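Student: Submitted below is the structure of interest, expressed as structure tokens.
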Amino acid sequence: MPARFSARPLGDPSSRAGSQTELRRTHLRRIVQLLLEHGSLTQAEIARRTGLAPSTVSALVTDLHHREVVTREDTPGGRRGRQVRLAPATGHVLGIDFGHRHVTVAVADLSRRILARERHELPAGHDHDAGLGLVARTVDELLAGLGLARRELLSAGMVLPAPITPNGEIAARNVLPGWVDIAVPEEATRRLGLAVIVENDANAGALGEHVWGAGVG
């Protein structure tokens, strides 16, 4: 069988144009990923982390700004010192912190800025039904205060002061007795109407220190 060749000749300008377009998309995705990881960066920091020329970064950030994917904040450092962060239109996330006697609910944008937060006291031995019901009502109140629709929430992270099994159940029956035998991620997802990731509070705290605190690097 004869070898099959592309009908497009070598060196065809349209082939080169396609490669450049895909390369540009790759660079744009990389910048968005960096902003997801770091919250906000200057254009100079983006250039250092990507290895791209400052002029290339400036052009890419301008493209993302025109598409309303990022915002730019002028600083005394000029264009390279502009603080770049993901725009509010890209979405929001929810944080839920359950303790033994409290729950805190917060709404943040993708640049990690907390836009609204509310804490409620809970009785000792509270159960999942009352706790999640209170969270659902609090989310509605916070969103109304911010003028946001629920569809603008992308996902939620929830922490509990108890060990969590791989399938999302409480591993220690005497720690939160009102939450045992419940697949917590599925139940929270059902009650809140969006994907919920559930983690032990100590593990989440360690991750926070690694990303933002004393454990960075």
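Here's how to read the names in the structure tokens: chain A, B, ... by the order shown, residue numbers from 1 in each chain, ligand numbers from 1 in the order shown.
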Which of region 42-142 of chain A end up as helix (DSSP H, G or I) when DSSP is run on this backbone - answer as number ranges by chain?
Tutor: A: 43-50, 54-66, 79-81, 88-90, 128-142
Student: Which neighbours of Gly131 (chain A) fall inside 10 Å, counting only C-alpha atoms, when residues of the same chain fewer than 2 positions from it are skipped, and could you give them as a list in words?
Tutor: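 The residues that qualify are Phe98, His102, Val103, His120, Leu122, Pro123, His126, Asp127, His128, Asp129, Gly133, Leu134, Val135, Ala136, Gly178 and Trp179 of chain A.
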Student: I want to know what sits within 7 Å of region 82-91 of chain A, based on only C-alpha atoms, with residues of the same chain fewer than 4 positions away left out; could you give that as a PDB file with N, CA and C atoms, in the first residue's frame?
Tutor:
ATOM      1  N   LEU A  35      -2.564  31.998  37.066  1.00  0.00           N
ATOM      2  CA  LEU A  35      -3.410  32.872  37.878  1.00  0.00           C
ATOM      3  C   LEU A  35      -4.317  32.065  38.795  1.00  0.00           C
ATOM      4  N   GLY A  39      -3.378  33.296  42.267  1.00  0.00           N
ATOM      5  CA  GLY A  39      -4.318  34.367  42.591  1.00  0.00           C
ATOM      6  C   GLY A  39      -4.098  35.605  41.754  1.00  0.00           C
ATOM      7  N   SER A  40      -2.926  36.198  41.846  1.00  0.00           N
ATOM      8  CA  SER A  40      -2.590  37.343  41.004  1.00  0.00           C
ATOM      9  C   SER A  40      -1.087  37.388  40.836  1.00  0.00           C
ATOM     10  N   LEU A  41      -0.649  37.915  39.700  1.00  0.00           N
ATOM     11  CA  LEU A  41       0.775  38.043  39.379  1.00  0.00           C
ATOM     12  C   LEU A  41       0.970  39.304  38.564  1.00  0.00           C
ATOM     13  N   THR A  42       2.165  39.857  38.628  1.00  0.00           N
ATOM     14  CA  THR A  42       2.482  40.951  37.711  1.00  0.00           C
ATOM     15  C   THR A  42       2.858  40.360  36.362  1.00  0.00           C
ATOM     16  N   GLN A  43       2.842  41.204  35.343  1.00  0.00           N
ATOM     17  CA  GLN A  43       3.241  40.726  34.022  1.00  0.00           C
ATOM     18  C   GLN A  43       4.705  40.286  34.035  1.00  0.00           C
ATOM     19  N   GLU A  68     -12.234  39.711  28.558  1.00  0.00           N
ATOM     20  CA  GLU A  68     -12.785  39.829  29.912  1.00  0.00           C
ATOM     21  C   GLU A  68     -12.483  38.599  30.753  1.00  0.00           C
ATOM     22  N   VAL A  69     -11.336  37.962  30.472  1.00  0.00           N
ATOM     23  CA  VAL A  69     -10.891  36.820  31.278  1.00  0.00           C
ATOM     24  C   VAL A  69     -10.053  37.304  32.453  1.00  0.00           C
ATOM     25  N   VAL A  70      -9.307  38.389  32.276  1.00  0.00           N
ATOM     26  CA  VAL A  70      -8.466  38.925  33.350  1.00  0.00           C
ATOM     27  C   VAL A  70      -8.727  40.412  33.517  1.00  0.00           C
ATOM     28  N   THR A  71      -8.320  40.913  34.680  1.00  0.00           N
ATOM     29  CA  THR A  71      -8.304  42.349  34.925  1.00  0.00           C
ATOM     30  C   THR A  71      -6.859  42.767  35.155  1.00  0.00           C
ATOM     31  N   ARG A  72      -6.563  44.030  34.907  1.00  0.00           N
ATOM     32  CA  ARG A  72      -5.221  44.564  35.117  1.00  0.00           C
ATOM     33  C   ARG A  72      -5.315  45.784  36.013  1.00  0.00           C
ATOM     34  N   GLU A  73      -4.432  45.827  36.996  1.00  0.00           N
ATOM     35  CA  GLU A  73      -4.404  46.963  37.919  1.00  0.00           C
ATOM     36  C   GLU A  73      -3.065  47.670  37.767  1.00  0.00           C
ATOM     37  N   ASP A  74      -3.114  48.920  37.402  1.00  0.00           N
ATOM     38  CA  ASP A  74      -1.880  49.685  37.212  1.00  0.00           C
ATOM     39  C   ASP A  74      -1.149  49.863  38.537  1.00  0.00           C
ATOM     40  N   THR A  75       0.148  49.773  38.485  1.00  0.00           N
ATOM     41  CA  THR A  75       1.009  49.968  39.652  1.00  0.00           C
ATOM     42  C   THR A  75       2.128  50.919  39.261  1.00  0.00           C
ATOM     43  N   GLY A  77       5.042  50.336  38.879  1.00  0.00           N
ATOM     44  CA  GLY A  77       6.050  49.652  38.080  1.00  0.00           C
ATOM     45  C   GLY A  77       5.801  49.687  36.587  1.00  0.00           C
ATOM     46  N   GLY A  78       4.760  50.396  36.141  1.00  0.00           N
ATOM     47  CA  GLY A  78       4.481  50.447  34.709  1.00  0.00           C
ATOM     48  C   GLY A  78       3.803  49.181  34.235  1.00  0.00           C
ATOM     49  N   ASP A 109     -13.715  34.979  44.701  1.00  0.00           N
ATOM     50  CA  ASP A 109     -13.524  34.901  43.256  1.00  0.00           C
ATOM     51  C   ASP A 109     -12.313  34.021  42.971  1.00  0.00           C
ATOM     52  N   LEU A 110     -12.013  33.811  41.698  1.00  0.00           N
ATOM     53  CA  LEU A 110     -10.940  32.886  41.347  1.00  0.00           C
ATOM     54  C   LEU A 110      -9.550  33.472  41.570  1.00  0.00           C
ATOM     55  N   SER A 111      -9.478  34.749  41.913  1.00  0.00           N
ATOM     56  CA  SER A 111      -8.184  35.313  42.288  1.00  0.00           C
ATOM     57  C   SER A 111      -7.963  35.217  43.790  1.00  0.00           C
ATOM     58  N   GLU A 152     -23.333  31.259  38.996  1.00  0.00           N
ATOM     59  CA  GLU A 152     -21.980  31.801  38.932  1.00  0.00           C
ATOM     60  C   GLU A 152     -21.013  31.107  39.888  1.00  0.00           C
ATOM     61  N   LEU A 153     -21.540  30.221  40.744  1.00  0.00           N
ATOM     62  CA  LEU A 153     -20.678  29.412  41.607  1.00  0.00           C
ATOM     63  C   LEU A 153     -20.197  28.195  40.823  1.00  0.00           C
ATOM     64  N   LEU A 154     -18.900  27.987  40.792  1.00  0.00           N
ATOM     65  CA  LEU A 154     -18.330  26.875  40.035  1.00  0.00           C
ATOM     66  C   LEU A 154     -18.242  25.597  40.860  1.00  0.00           C
TER      67      LEU A 154
END
Student: Which residue out of A:Val105, A:Ile170, A:Ala188, A:Val180 has the minimum interatomic distance to Leu132 (chain A) when only C-alpha atoms are used?
Tutor: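 Going through A:Val105, A:Ile170, A:Ala188, A:Val180 one by one, the smallest distance to Leu132 (chain A) is for A:Ala188.
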Student: May I have the residues within 6 Å of Val198 (chain A) as a ChimeraX atom specification, using only C-alpha atoms and disregarding those fewer than 4 positions away in the same chain?
Tutor: /A:158-159,185
Student: Produce a table with one row for each residue of region 143-168 of chain A that has an atom at most 9 Å from any atom of region 191-195 of chain A, each row naming the nearest atom pair and its distance in Å at one decimal; use only C-alpha atoms; arrange rows by chain and rising residue number; format as CSV.
Tutor:
residue,atom,partner,partner_atom,distance
A:Arg150,CA,A:Gly193,CA,8.7
A:Arg151,CA,A:Leu194,CA,8.8
A:Leu153,CA,A:Leu194,CA,7.6
A:Leu154,CA,A:Leu194,CA,7.1
A:Ser155,CA,A:Ala195,CA,5.0
A:Ala156,CA,A:Ala195,CA,6.2
A:Gly157,CA,A:Ala195,CA,8.6
Student: Would you work out the distance separating CA of Ala106 (chain A) from CA of Glu118 (chain A), expressed in Å to one decimal?
Tutor: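 Result for CA of Ala106 (chain A) versus CA of Glu118 (chain A): 6.5 Å, one decimal.
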Student: Run DSSP on the backbone and give me the residues of region 18-193 of chain A it puts in strand (DSSP E or B), as an NGL selection string.
Tutor: :A and (40-42 or 70-73 or 83-86 or 92-98 or 102-109 or 114-121 or 153-160 or 164 or 170)
Student: What's the 9 Å shell around Ile31 (chain A), counting only C-alpha atoms, without same-chain residues fewer than 6 positions away, as an mmCIF file with N, CA, C and O atoms, in the first residue's frame?
Tutor:
data_model
loop_
_atom_site.group_PDB
_atom_site.id
_atom_site.type_symbol
_atom_site.label_atom_id
_atom_site.label_comp_id
_atom_site.auth_asym_id
_atom_site.auth_seq_id
_atom_site.Cartn_x
_atom_site.Cartn_y
_atom_site.Cartn_z
ATOM 1 N N ILE A 46 4.772 36.808 35.446
ATOM 2 C CA ILE A 46 4.281 35.850 34.453
ATOM 3 C C ILE A 46 5.375 35.540 33.442
ATOM 4 O O ILE A 46 5.586 34.383 33.061
ATOM 5 N N THR A 50 6.867 31.739 32.943
ATOM 6 C CA THR A 50 6.608 31.057 31.671
ATOM 7 C C THR A 50 7.823 30.995 30.761
ATOM 8 O O THR A 50 7.868 30.185 29.836
ATOM 9 N N VAL A 57 4.190 38.379 26.680
ATOM 10 C CA VAL A 57 3.268 38.331 27.810
ATOM 11 C C VAL A 57 2.314 39.517 27.766
ATOM 12 O O VAL A 57 1.104 39.375 27.991
ATOM 13 N N LEU A 60 -0.329 38.816 25.195
ATOM 14 C CA LEU A 60 -1.251 37.766 25.625
ATOM 15 C C LEU A 60 -2.197 38.264 26.715
ATOM 16 O O LEU A 60 -3.403 37.980 26.694
ATOM 17 N N VAL A 61 -1.670 39.021 27.664
ATOM 18 C CA VAL A 61 -2.512 39.560 28.733
ATOM 19 C C VAL A 61 -3.524 40.543 28.160
ATOM 20 O O VAL A 61 -4.687 40.578 28.583
#
